[in-house]
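Trainee: Got a structure for you, questions after.
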Amino acid sequence: MRKPTPRDGSSIYNLIKSSPPLDLNSLYCYLLISLHFGDTSVIAENDNGIAGFISAYIPPSRNDTLFIWQVAVHENARKCGLATKMIGHILARPETGPVAYIETTVTPSNTASESLFRHVAEKHNAPCRTTVCFPAMMFGSGSHEEEVLFTIGPLNKFNYSNPQEEV
């Protein structure tokens, strides 16, 4: 596991593209995430290339919160706890030392993400609160579901095993 760089942009884009129900953003967006938010994002690699990616950032006015934007795991790397390990890798970095809360938004139909974040809360012995962040009507006349905000914390931080652990 490592920090992403702009050279990873195209591979990240292709991973997200092959990972419904995630919203696909422009390649430019993934280049910027890698450039500006590499310290709080992660790439997991295996012999076949990128196995997973998490984009995350610390909101400028809340340095105690890590907002996780997207979590993608290649279909060949699913069901082995990779997403949880990637979150642990980010939390083990010095840049996230002040983080006591994790926030993310999840659509109601994305049961895999809901399960992941409830598992992360349980692993950290932390409460998990949910509220509607963006009602469906905010997305216009399209068929986008509401986005539910998950707030996990305060985290019971513990020492993660080797943050350089292989996938």
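For the structure tokens, the naming scheme is as follows: chains receive sequential letters (A, B, ...) according to their order of presentation, residues are indexed from 1 within each chain, and ligands are indexed from 1 in presentation order.
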For Lys79 of chain A, please output as a list in words all residues within 12 Å (counting only C-alpha atoms; exclusion window: fewer than 6 positions along the same chain).
Mentor: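 After dropping sequence-adjacent residues, the list is Val73, Lys85, Ala112, Ser115 and Leu116 of chain A.
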Trainee: With a distance cut-off of 7 Å and only C-alpha atoms, select the neighbouring residues of Arg129 of chain A, excluding the residue or stretch itself and same-chain residues fewer than 4 positions from it, and output the selection as a VMD selection string.
Mentor: chain A and resid 150 to 152
Trainee: Those residues you just picked out, can you put them in a file as a short mmCIF file (atom, residue, chain, number, x, y, z; two decimals), in the first residue's frame with N, CA, C and O atoms?
Mentor:
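Now in again-v6.cif:
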```cif
data_model
loop_
_atom_site.label_atom_id
_atom_site.label_comp_id
_atom_site.auth_asym_id
_atom_site.auth_seq_id
_atom_site.Cartn_x
_atom_site.Cartn_y
_atom_site.Cartn_z
N PHE A 150 -22.37 9.14 7.16
CA PHE A 150 -21.96 8.29 8.27
C PHE A 150 -20.87 9.06 9.03
O PHE A 150 -19.89 9.50 8.43
N THR A 151 -21.05 9.22 10.33
CA THR A 151 -20.04 9.83 11.18
C THR A 151 -19.62 8.79 12.21
O THR A 151 -20.44 8.33 13.00
N ILE A 152 -18.36 8.42 12.15
CA ILE A 152 -17.81 7.39 13.03
C ILE A 152 -16.82 8.05 13.97
O ILE A 152 -15.88 8.71 13.54
#
```
Trainee: Which residues are close to segment 27-34 of chain A, i.e. within 8 Å by only C-alpha atoms, leaving aside same-chain residues fewer than 6 positions away? Reply as a compact mmCIF listing (two decimals) with N, CA and C atoms, in the first residue's frame.
Mentor:
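Result file follows (selection20.txt):
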```
# COMPACT_ATOMS: atom_id res chain seq x y z
N LYS A 3 0.90 5.83 -1.12
CA LYS A 3 0.19 7.04 -1.51
C LYS A 3 0.08 7.08 -3.04
N PRO A 4 -1.05 7.53 -3.56
CA PRO A 4 -1.17 7.65 -5.01
C PRO A 4 -0.39 8.85 -5.53
N THR A 5 0.01 8.78 -6.78
CA THR A 5 0.64 9.91 -7.47
C THR A 5 -0.16 10.16 -8.75
N PRO A 6 0.04 11.31 -9.38
CA PRO A 6 -0.69 11.57 -10.62
C PRO A 6 -0.47 10.50 -11.69
N ARG A 7 0.65 9.82 -11.68
CA ARG A 7 0.87 8.73 -12.64
C ARG A 7 -0.17 7.61 -12.50
N ASP A 8 -0.82 7.54 -11.34
CA ASP A 8 -1.85 6.52 -11.09
C ASP A 8 -3.23 6.94 -11.60
N GLY A 9 -3.38 8.17 -12.04
CA GLY A 9 -4.70 8.70 -12.39
C GLY A 9 -5.49 7.84 -13.34
N SER A 10 -4.88 7.40 -14.41
CA SER A 10 -5.59 6.59 -15.41
C SER A 10 -6.01 5.24 -14.83
N ILE A 12 -6.56 4.58 -11.65
CA ILE A 12 -7.63 4.85 -10.69
C ILE A 12 -8.95 5.04 -11.44
N TYR A 13 -8.92 5.84 -12.48
CA TYR A 13 -10.12 6.09 -13.30
C TYR A 13 -10.71 4.77 -13.79
N SER A 41 -4.99 9.62 0.88
CA SER A 41 -5.58 8.62 0.00
C SER A 41 -4.62 7.44 -0.08
N SER A 55 -10.03 7.42 -1.95
CA SER A 55 -9.79 8.86 -1.97
C SER A 55 -10.37 9.43 -0.68
```
Trainee: When distances are computed from only C-alpha atoms, which of A:Thr130, A:Glu147, A:Asn76, A:Pro94 shows the smallest separation from Asn48 of chain A?
Mentor: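 Using only C-alpha atoms, Asn48 of chain A sits closest to A:Asn76.
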Trainee: Please provide the set of residues having any atom within 9 Å of Leu91 of chain A, restricted to only C-alpha atoms, with same-chain residues fewer than 3 positions apart removed, written as a ChimeraX atom specification.
Mentor: /A:40,66,86-88,94-97,99,157,160
Trainee: Only N, CA and C atoms, please: the residues just picked out, written as a PDB file, in the first residue's frame.
Mentor:
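Produced file part_10.pdb, reproduced below:
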```pdb
ATOM      1  N   THR A  40      -3.664  11.575   2.187  1.00  0.00           N
ATOM      2  CA  THR A  40      -4.822  11.009   2.881  1.00  0.00           C
ATOM      3  C   THR A  40      -5.577  10.003   2.019  1.00  0.00           C
ATOM      4  N   LEU A  66     -11.453  12.712   8.993  1.00  0.00           N
ATOM      5  CA  LEU A  66     -11.051  12.191   7.686  1.00  0.00           C
ATOM      6  C   LEU A  66     -12.334  11.925   6.908  1.00  0.00           C
ATOM      7  N   MET A  86      -6.974  -0.745   3.945  1.00  0.00           N
ATOM      8  CA  MET A  86      -6.587   0.536   3.349  1.00  0.00           C
ATOM      9  C   MET A  86      -6.940   1.701   4.271  1.00  0.00           C
ATOM     10  N   ILE A  87      -8.116   1.636   4.902  1.00  0.00           N
ATOM     11  CA  ILE A  87      -8.483   2.683   5.860  1.00  0.00           C
ATOM     12  C   ILE A  87      -7.478   2.700   7.015  1.00  0.00           C
ATOM     13  N   GLY A  88      -7.122   1.534   7.516  1.00  0.00           N
ATOM     14  CA  GLY A  88      -6.112   1.445   8.579  1.00  0.00           C
ATOM     15  C   GLY A  88      -4.780   2.019   8.144  1.00  0.00           C
ATOM     16  N   PRO A  94       1.398   9.598   9.746  1.00  0.00           N
ATOM     17  CA  PRO A  94       1.565  10.784  10.605  1.00  0.00           C
ATOM     18  C   PRO A  94       0.609  11.921  10.222  1.00  0.00           C
ATOM     19  N   GLU A  95       0.295  12.033   8.937  1.00  0.00           N
ATOM     20  CA  GLU A  95      -0.573  13.122   8.465  1.00  0.00           C
ATOM     21  C   GLU A  95      -1.977  13.048   9.045  1.00  0.00           C
ATOM     22  N   THR A  96      -2.390  11.878   9.487  1.00  0.00           N
ATOM     23  CA  THR A  96      -3.742  11.719  10.031  1.00  0.00           C
ATOM     24  C   THR A  96      -3.729  11.564  11.547  1.00  0.00           C
ATOM     25  N   GLY A  97      -2.622  11.918  12.182  1.00  0.00           N
ATOM     26  CA  GLY A  97      -2.509  11.810  13.636  1.00  0.00           C
ATOM     27  C   GLY A  97      -3.642  12.450  14.414  1.00  0.00           C
ATOM     28  N   VAL A  99      -6.682  12.858  13.575  1.00  0.00           N
ATOM     29  CA  VAL A  99      -8.014  12.378  13.169  1.00  0.00           C
ATOM     30  C   VAL A  99      -8.656  11.564  14.288  1.00  0.00           C
ATOM     31  N   LYS A 157      -8.280   4.726  18.643  1.00  0.00           N
ATOM     32  CA  LYS A 157      -7.132   4.410  17.793  1.00  0.00           C
ATOM     33  C   LYS A 157      -6.245   3.380  18.473  1.00  0.00           C
ATOM     34  N   TYR A 160      -1.832  -0.046  14.296  1.00  0.00           N
ATOM     35  CA  TYR A 160      -2.110  -0.929  13.173  1.00  0.00           C
ATOM     36  C   TYR A 160      -0.873  -1.786  12.938  1.00  0.00           C
TER      37      TYR A 160
END
```
Trainee: Find the spatial neighbours of Glu45 of chain A, counting only C-alpha atoms, within a cut-off of 7 Å - ignore same-chain residues fewer than 5 positions away - and output them as a VMD selection string.
Mentor: chain A and resid 1 50 to 52 167
Trainee: Enter the distance from atom CA of Ala72 of chain A to atom CA of Ile43 of chain A, in Å, rounded to one decimal.
Mentor: 9.7 Å
Trainee: Take atom CA of Leu155 of chain A and atom CA of Asn46 of chain A and report the distance between them in Å, one decimal.
Mentor: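 Spanning atom CA of Leu155 of chain A to atom CA of Asn46 of chain A is a straight-line distance of 29.1 Å.
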Trainee: Would you list, as a PyMOL selection string, the residues of chain A that end up in alpha helix (DSSP H) under DSSP run on this structure's backbone?
Mentor: chain A and resi 9-17+27-36+82-91+111-123
Trainee: Let's have the selection written as a CSV table (one decimal), in the first residue's frame, with C-alpha atoms.
Mentor:
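Produced file again-v2.csv, reproduced below:
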```
chain,number,residue,atom,x,y,z
A,9,GLY,CA,-4.7,8.7,-12.4
A,10,SER,CA,-5.6,6.6,-15.4
A,11,SER,CA,-5.5,3.3,-13.4
A,12,ILE,CA,-7.6,4.8,-10.7
A,13,TYR,CA,-10.1,6.1,-13.3
A,14,ASN,CA,-10.4,2.6,-14.8
A,15,LEU,CA,-10.8,0.9,-11.4
A,16,ILE,CA,-13.6,3.3,-10.5
A,17,LYS,CA,-15.2,2.8,-14.0
A,27,LEU,CA,-9.8,11.5,-15.2
A,28,TYR,CA,-8.7,15.1,-14.3
A,29,CYS,CA,-10.4,14.7,-10.9
A,30,TYR,CA,-8.4,11.6,-10.1
A,31,LEU,CA,-5.2,13.3,-11.2
A,32,LEU,CA,-6.0,16.2,-8.8
A,33,ILE,CA,-6.9,13.8,-6.0
A,34,SER,CA,-3.6,12.1,-6.4
A,35,LEU,CA,-1.7,15.4,-6.5
A,36,HIS,CA,-3.5,17.3,-3.7
A,82,LEU,CA,-8.7,-5.0,1.7
A,83,ALA,CA,-10.9,-1.9,2.2
A,84,THR,CA,-10.6,-2.1,6.0
A,85,LYS,CA,-6.8,-2.5,5.6
A,86,MET,CA,-6.6,0.5,3.3
A,87,ILE,CA,-8.5,2.7,5.9
A,88,GLY,CA,-6.1,1.4,8.6
A,89,HIS,CA,-3.1,2.3,6.4
A,90,ILE,CA,-4.4,5.9,6.0
A,91,LEU,CA,-5.1,6.2,9.8
A,111,THR,CA,-25.0,-2.2,1.1
A,112,ALA,CA,-21.3,-3.1,0.7
A,113,SER,CA,-20.2,0.4,1.7
A,114,GLU,CA,-22.6,0.5,4.6
A,115,SER,CA,-21.3,-2.8,5.9
A,116,LEU,CA,-17.7,-1.6,5.5
A,117,PHE,CA,-18.2,1.5,7.5
A,118,ARG,CA,-20.3,-0.2,10.2
A,119,HIS,CA,-17.4,-2.7,10.5
A,120,VAL,CA,-14.9,0.1,10.8
A,121,ALA,CA,-16.9,1.7,13.6
A,122,GLU,CA,-17.1,-1.7,15.4
A,123,LYS,CA,-13.4,-2.3,14.9
```
Trainee: Need to verify the contact set: Asn156 of chain A, 7 Å, only C-alpha atoms, exclusion of same-chain residues closer than 6 positions in sequence. Can you return it as JSON, numbers by chain?
Mentor: {"A": [124, 125, 126]}
Trainee: Could you write out that same residue set with N, CA and C atoms as a PDB file, in the first residue's frame?
Mentor:
```
ATOM      1  N   HIS A 124     -13.186   0.018  15.735  1.00  0.00           N
ATOM      2  CA  HIS A 124     -12.648   1.106  16.545  1.00  0.00           C
ATOM      3  C   HIS A 124     -13.451   1.344  17.815  1.00  0.00           C
ATOM      4  N   ASN A 125     -14.417   0.460  18.075  1.00  0.00           N
ATOM      5  CA  ASN A 125     -15.259   0.609  19.254  1.00  0.00           C
ATOM      6  C   ASN A 125     -15.809   2.032  19.339  1.00  0.00           C
ATOM      7  N   ALA A 126     -16.314   2.492  18.188  1.00  0.00           N
ATOM      8  CA  ALA A 126     -16.780   3.878  18.079  1.00  0.00           C
ATOM      9  C   ALA A 126     -18.234   3.911  17.624  1.00  0.00           C
TER      10      ALA A 126
END
```
Trainee: Among chain A, which ones does DSSP assign to strand (DSSP E) (computed from the backbone)? Answer as an MDAnalysis selection string.
Mentor: chainID A and resid 42:46 49:57 65:73 101:106 128:134 147:152
Trainee: Quick one, how far is atom CA of Glu145 of chain A from atom CA of Trp69 of chain A?
Mentor: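 Calculated distance between atom CA of Glu145 of chain A and atom CA of Trp69 of chain A is 16.0 Å.
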Trainee: Counting only C-alpha atoms, figure out which residue out of A:Ala44, A:Val71, A:Val148, A:Ile58 gets nearest to Ala100 of chain A.
Mentor: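 That would be A:Ile58, the residue with the smallest distance to Ala100 of chain A.
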